[in-house]
Every structure is written in C-alpha cells, then in structure tokens.
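Only one structure is covered here, and it is reproduced in the block below.
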Amino acid sequence: MGFIVCLLAVCFCANAQQNMKVVATYPVSGNGRYDYLALSNAGKLYVSHGDQVNILDEQTGKEIGVIQGLSGVHGIAFDYANNKGFISNGVANNVSVFDLTTDKVTNTIATDKNPDGIIYEPFTKTIITGNGKSGTLSVIDPKTEKVIHTVSLDGAKPETAVSDGKGSLFVNLENKNAIAQIDMKSFEIVKTIPLAPKGESPSGLAIDVKNKLLFAGCDNKTLVVVNYEKGTIVNTYPIGDGCDGVAYNPNTETVFSSNGEGNLTVLKREGNTYKVSNVVTKAGARTITLNPTTNTVYMSAPDYSSTPDANGRKSMVPNSFKVLVVK
C-alpha cells in the first residue's frame, strides 16, 4: 500500500510540473529598463528596475518598498549572516550595500566597469560581481565592504556565476562560448569548459551540486548540460529564444529557462535525461528567480508597443512593468 501511495505521489508531482502556468501578475511601479530579480528568505521580491529596486511581498504581490538613488541596476544578492543586501550598478560601476531589515542603502563600493551578475559565494563568504566591460570579477568582503580580490578573465565577458559551495566558482563567458572554473582558494582560472559549437553566447547558468551538473542557457536556443567534474558536455536540449536566466530546483530536479520570446522552458529529470515542456509567459520575461520550497517561478517584464525607441529597440509601454508568477 505504501508503494502505491508513493507511486501516486510521484505521478501527481510530475503532472503538476507539466501543468505549470502563469497564476498571477504583480504590478511594479515606475519606468525603466530591467534585469535580474531576487527572492530573499524573508519573502521579499527585489526587482531591478532602471535606477531603482522595487520590493514586493512574495505572497500578496503588494509593493512594500523602493530602493532609490541607484544607477543602471543589474542584480541583487544577499548575505544573511551580516544582514546585508548588495546591488550591482552597471552604469555607476559600483555596488550599493543595503540593510536587509530596513532596506536602506548604507554604503557604496567601487568595482571594475559594468558590474552585472552578482552572487553570494558561500565557500569564501563573499559577494562576487561579474564586470562585463572589464572582463573581471570583483570579490567583496561583506564585513569590511571592500574589494579584496580582482579576478582577470583574460578579456572574456562574464555573465552569470554559480558556486558549488566547495571552493569552485563557475562563470559563463559570453563572448568565448565557454564556462570558466575558478578556484576560490587561489582566485585563478583552473579550467575552461568549451560549449561551442553546441552552445553559443551563454547567459543564464544554474548548478546541480548533487549530480555535478551545470545548465547553461545559450543564445542559439539551446540549454547545454555540462558535467563540471569531467569538463564535458552531457547533453543539449531545445529552449526558447532570448534566454537570460536559468534556475534549478534540487527538490524536484527541475531546470527552468526563462526566454525573452515569451515562454518558460521546463526540464524535468527522468532517469539520466530531461523531459521538456514550455509554459507561455510574456515577451521580455527573460530573467528568473525561484522559490524552491513552493517550486514557484518569478519573472519580470513590461508591455511593449510596436513603435521602437530612439535606439531602435522595442519601446516599453509606460507604467506596464510587472512580475509574473508561475507555478
């Protein structure tokens, strides 16, 4: 009887995974370009939005705060031990530090040019930014709020970085079609894993530490699965166009690729392969954050008009920015 119950539970979870859809949209105030969003363990959604970060209640979608006075926001990272948040400002070439309780900015840290992706790295207990125009990583001590190491990527443009928590950092090298592995003891590149010709211009990146896998979302509508211990490509899967974010839920062994063309590719592990399905989302919803406990995905995007802006890009409809909730 117990086996039957377990089998039914597995089937139910698999069906629920395949039937994911947009269940809510949360309006976000203001106008401006956007990039990453992040979910804190306090249930706050931090959403990059031009020169500010909007803060929403995860459960209700209500806007509960705005961090202003920023400059070309890209990403948000959290250091819970020190009760601090960190925001990468790509235009100002710095990182803003804020208090996780009050959401007030307390300091600014200079980095190299165009800090973009930003993460908390648990092995070194540091904050790391990928600096797109400098081809470097800035390693920040969150206690002293100073850059303690600058890692050269030999002219490569860093995108998303992930850590195995055991001393290795992996960074997508967008212009090199590769992933760099960095030893967090020496702060040096110890291996470069090529993705070409199967993967081009990797952007989103996620990690499965249990199975020693990396999931790289690439511009050629391909998710490349890499065994990072061996440095080899395991498999590739089709995803939507314009991926800029990949998330992995170890609880359900599911990979999510957020694609700017207007869909979310869901890859559910079945044995040594993945079953692929797609969820209709919204054009421009290209970045992602995940609540692994509830298996809920959050993405952000505005509405677009048919008239291009002064730079020839799609023109955003004023006051149309929102967060999509998928589960």
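Chain labels run A, B, ... following the order of the structure tokens; each chain numbers its residues from 1, and ligands are numbered from 1 in the order shown.
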
Enumerate, as a PyMOL selection string, the complete set of residues in region 50-243 of chain A that a backbone-based DSSP assignment places in strand (DSSP E or B). chain A and resi 52-57+63-67+73-79+84-89+94-99+105-110+115-121+126-131+136-141+146-152+158-163+168-173+178-183+188-194+205-208+213-218+222-227+232-238+243

Contacts of region 128-135 of chain A at 8 Å (only C-alpha atoms; same-chain gap of 6+ positions) as a PyMOL selection string: chain A and resi 88+111-121+152-161

Dump as a PDB file, in the first residue's frame, selection limited to C-alpha atoms:
```pdb
ATOM      1  CA  SER A  88      25.184  45.906  -8.807  1.00  0.00           C
ATOM      2  CA  THR A 111      34.170  47.886  -8.710  1.00  0.00           C
ATOM      3  CA  ASP A 112      35.545  47.463 -12.208  1.00  0.00           C
ATOM      4  CA  LYS A 113      33.442  48.570 -15.196  1.00  0.00           C
ATOM      5  CA  ASN A 114      29.850  47.432 -15.636  1.00  0.00           C
ATOM      6  CA  PRO A 115      29.172  45.102 -12.694  1.00  0.00           C
ATOM      7  CA  ASP A 116      26.341  42.888 -13.896  1.00  0.00           C
ATOM      8  CA  GLY A 117      25.644  39.456 -12.390  1.00  0.00           C
ATOM      9  CA  ILE A 118      26.135  39.347  -8.621  1.00  0.00           C
ATOM     10  CA  ILE A 119      26.052  36.441  -6.144  1.00  0.00           C
ATOM     11  CA  TYR A 120      26.812  35.499  -2.566  1.00  0.00           C
ATOM     12  CA  GLU A 121      29.567  32.854  -2.667  1.00  0.00           C
ATOM     13  CA  SER A 152      41.025  38.516 -14.507  1.00  0.00           C
ATOM     14  CA  LEU A 153      39.076  36.535 -17.098  1.00  0.00           C
ATOM     15  CA  ASP A 154      41.589  37.244 -19.879  1.00  0.00           C
ATOM     16  CA  GLY A 155      39.312  39.517 -21.876  1.00  0.00           C
ATOM     17  CA  ALA A 156      36.203  37.352 -21.561  1.00  0.00           C
ATOM     18  CA  LYS A 157      32.810  38.892 -20.773  1.00  0.00           C
ATOM     19  CA  PRO A 158      31.319  37.330 -17.638  1.00  0.00           C
ATOM     20  CA  GLU A 159      27.612  36.653 -17.335  1.00  0.00           C
ATOM     21  CA  THR A 160      26.006  34.543 -14.609  1.00  0.00           C
ATOM     22  CA  ALA A 161      28.144  32.854 -11.937  1.00  0.00           C
TER      23      ALA A 161
END
```

Contact check, region 158-263 of chain A to region 294-315 of chain A, at most 12 Å, counting only C-alpha atoms, closest pairs as a Markdown table:
```
| residue | atom | partner | partner_atom | distance |
| --- | --- | --- | --- | --- |
| A:Cys243 | CA | A:Met299 | CA | 11.9 |
| A:Asp244 | CA | A:Met299 | CA | 10.9 |
| A:Gly245 | CA | A:Met299 | CA | 9.3 |
| A:Val246 | CA | A:Val297 | CA | 10.7 |
| A:Ala247 | CA | A:Val297 | CA | 8.8 |
| A:Tyr248 | CA | A:Asn295 | CA | 9.8 |
| A:Asn249 | CA | A:Asn295 | CA | 7.2 |
| A:Pro250 | CA | A:Asn295 | CA | 10.0 |
| A:Asn251 | CA | A:Asn295 | CA | 8.5 |
| A:Thr252 | CA | A:Asn295 | CA | 7.9 |
| A:Glu253 | CA | A:Asn295 | CA | 10.5 |
| A:Thr254 | CA | A:Asn295 | CA | 9.1 |
| A:Val255 | CA | A:Asn295 | CA | 10.8 |
| A:Phe256 | CA | A:Val297 | CA | 8.4 |
| A:Ser257 | CA | A:Val297 | CA | 10.3 |
| A:Ser258 | CA | A:Met299 | CA | 7.6 |
| A:Asn259 | CA | A:Met299 | CA | 9.9 |
| A:Gly260 | CA | A:Ala301 | CA | 9.0 |
| A:Glu261 | CA | A:Ala301 | CA | 11.2 |
| A:Gly262 | CA | A:Ala301 | CA | 9.7 |
| A:Asn263 | CA | A:Met299 | CA | 10.5 |
```

Residue subset to file, keeping C-alpha atoms, as a PDB file, in the first residue's frame:
```pdb
ATOM      1  CA  CYS A 243      17.270  33.119 -22.556  1.00  0.00           C
ATOM      2  CA  ASP A 244      18.865  35.316 -19.892  1.00  0.00           C
ATOM      3  CA  GLY A 245      18.118  33.255 -16.795  1.00  0.00           C
ATOM      4  CA  VAL A 246      18.279  29.625 -15.695  1.00  0.00           C
ATOM      5  CA  ALA A 247      17.198  28.226 -12.320  1.00  0.00           C
ATOM      6  CA  TYR A 248      17.417  24.761 -10.799  1.00  0.00           C
ATOM      7  CA  ASN A 249      15.249  23.236  -8.083  1.00  0.00           C
ATOM      8  CA  PRO A 250      17.112  20.356  -6.364  1.00  0.00           C
ATOM      9  CA  ASN A 251      13.940  19.339  -4.521  1.00  0.00           C
ATOM     10  CA  THR A 252      12.141  18.441  -7.767  1.00  0.00           C
ATOM     11  CA  GLU A 253      15.222  18.034 -10.017  1.00  0.00           C
ATOM     12  CA  THR A 254      13.765  20.558 -12.415  1.00  0.00           C
ATOM     13  CA  VAL A 255      15.535  23.125 -14.607  1.00  0.00           C
ATOM     14  CA  PHE A 256      13.846  26.360 -15.688  1.00  0.00           C
ATOM     15  CA  SER A 257      14.941  28.549 -18.611  1.00  0.00           C
ATOM     16  CA  SER A 258      13.304  31.985 -18.872  1.00  0.00           C
ATOM     17  CA  ASN A 259      13.171  33.073 -22.504  1.00  0.00           C
ATOM     18  CA  GLY A 260      12.598  36.602 -23.759  1.00  0.00           C
ATOM     19  CA  GLU A 261      10.497  35.426 -26.691  1.00  0.00           C
ATOM     20  CA  GLY A 262       7.703  34.799 -24.195  1.00  0.00           C
ATOM     21  CA  ASN A 263       7.992  31.339 -22.703  1.00  0.00           C
TER      22      ASN A 263
END
```

Which one is closest to Ala81 (chain A): A:Lys185, A:Lys143, A:Lys191, A:Lys275? Count only C-alpha atoms.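 Among the listed residues, A:Lys143 lies closest to Ala81 (chain A).
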
Minimum-distance residue to Gly165 (chain A), chosen among A:Val151, A:Cys218, A:Val209, A:Val28 (using only C-alpha atoms): A:Val209

At most 9 Å is the cut-off: for each residue in region 248-298 of chain A with any atom that close to an atom of region 37-53 of chain A, write down the nearest atom pair and the distance in Å rounded to one decimal, counting only C-alpha atoms, chain first then increasing number, as JSON lines.
```
{"residue": "A:Thr287", "atom": "CA", "partner": "A:Leu37", "partner_atom": "CA", "distance": 7.2}
{"residue": "A:Ile288", "atom": "CA", "partner": "A:Leu37", "partner_atom": "CA", "distance": 6.5}
{"residue": "A:Thr289", "atom": "CA", "partner": "A:Ala38", "partner_atom": "CA", "distance": 5.6}
{"residue": "A:Leu290", "atom": "CA", "partner": "A:Leu39", "partner_atom": "CA", "distance": 7.3}
{"residue": "A:Asn291", "atom": "CA", "partner": "A:Leu39", "partner_atom": "CA", "distance": 7.3}
{"residue": "A:Tyr298", "atom": "CA", "partner": "A:Leu37", "partner_atom": "CA", "distance": 8.1}
```

N, CA and C atoms of the current selection, written as a PDB file, in the first residue's frame:
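This is the output file again-v9.pdb:
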```
ATOM      1  N   THR A 287      14.521  36.988 -17.378  1.00  0.00           N
ATOM      2  CA  THR A 287      15.269  36.663 -16.169  1.00  0.00           C
ATOM      3  C   THR A 287      14.349  35.965 -15.176  1.00  0.00           C
ATOM      4  N   ILE A 288      14.938  35.391 -14.123  1.00  0.00           N
ATOM      5  CA  ILE A 288      14.166  34.467 -13.300  1.00  0.00           C
ATOM      6  C   ILE A 288      14.693  34.419 -11.875  1.00  0.00           C
ATOM      7  N   THR A 289      13.787  34.191 -10.931  1.00  0.00           N
ATOM      8  CA  THR A 289      14.173  33.759  -9.598  1.00  0.00           C
ATOM      9  C   THR A 289      13.182  32.690  -9.170  1.00  0.00           C
ATOM     10  N   LEU A 290      13.596  31.841  -8.228  1.00  0.00           N
ATOM     11  CA  LEU A 290      12.829  30.649  -7.895  1.00  0.00           C
ATOM     12  C   LEU A 290      12.679  30.501  -6.392  1.00  0.00           C
ATOM     13  N   ASN A 291      11.481  30.121  -5.949  1.00  0.00           N
ATOM     14  CA  ASN A 291      11.275  29.665  -4.585  1.00  0.00           C
ATOM     15  C   ASN A 291      11.299  28.135  -4.637  1.00  0.00           C
ATOM     16  N   TYR A 298       9.394  33.256 -10.592  1.00  0.00           N
ATOM     17  CA  TYR A 298       9.052  34.670 -10.762  1.00  0.00           C
ATOM     18  C   TYR A 298       9.893  35.254 -11.893  1.00  0.00           C
TER      19      TYR A 298
END
```

Using only C-alpha atoms, pick whichever of A:Ser186, A:Thr236, A:Thr192, A:Asn319 has the shortest atom-to-atom distance to Val171 (chain A).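 Between A:Ser186, A:Thr236, A:Thr192, A:Asn319, the residue approaching Val171 (chain A) most closely is A:Thr192.
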
Report, in Å with one decimal, the straight-line distance from CA of Ile140 (chain A) to CA of Lys125 (chain A). 9.2 Å

From A:Ala178, A:Ile87, A:Ala206, A:Ile193, residue lying nearest Ser163 (chain A) [only C-alpha atoms]: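 Under the stated criterion, the closest residue is A:Ala206.
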
Surrounding residues of Ser96 (chain A) excluding itself and chain neighbours under 6 positions, 7 Å, only C-alpha atoms, as a PDB file with C-alpha atoms, in the first residue's frame:
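Wrote result.pdb, looks like this:
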```
ATOM      1  CA  PHE A  86      24.120  44.091  -2.396  1.00  0.00           C
ATOM      2  CA  ILE A  87      23.014  45.709  -5.681  1.00  0.00           C
ATOM      3  CA  SER A  88      25.184  45.906  -8.807  1.00  0.00           C
ATOM      4  CA  VAL A 105      21.339  51.942   1.467  1.00  0.00           C
ATOM      5  CA  ASN A 107      27.355  52.246   1.603  1.00  0.00           C
ATOM      6  CA  THR A 108      28.706  52.140  -1.957  1.00  0.00           C
ATOM      7  CA  ILE A 109      31.641  50.014  -3.112  1.00  0.00           C
TER       8      ILE A 109
END
```
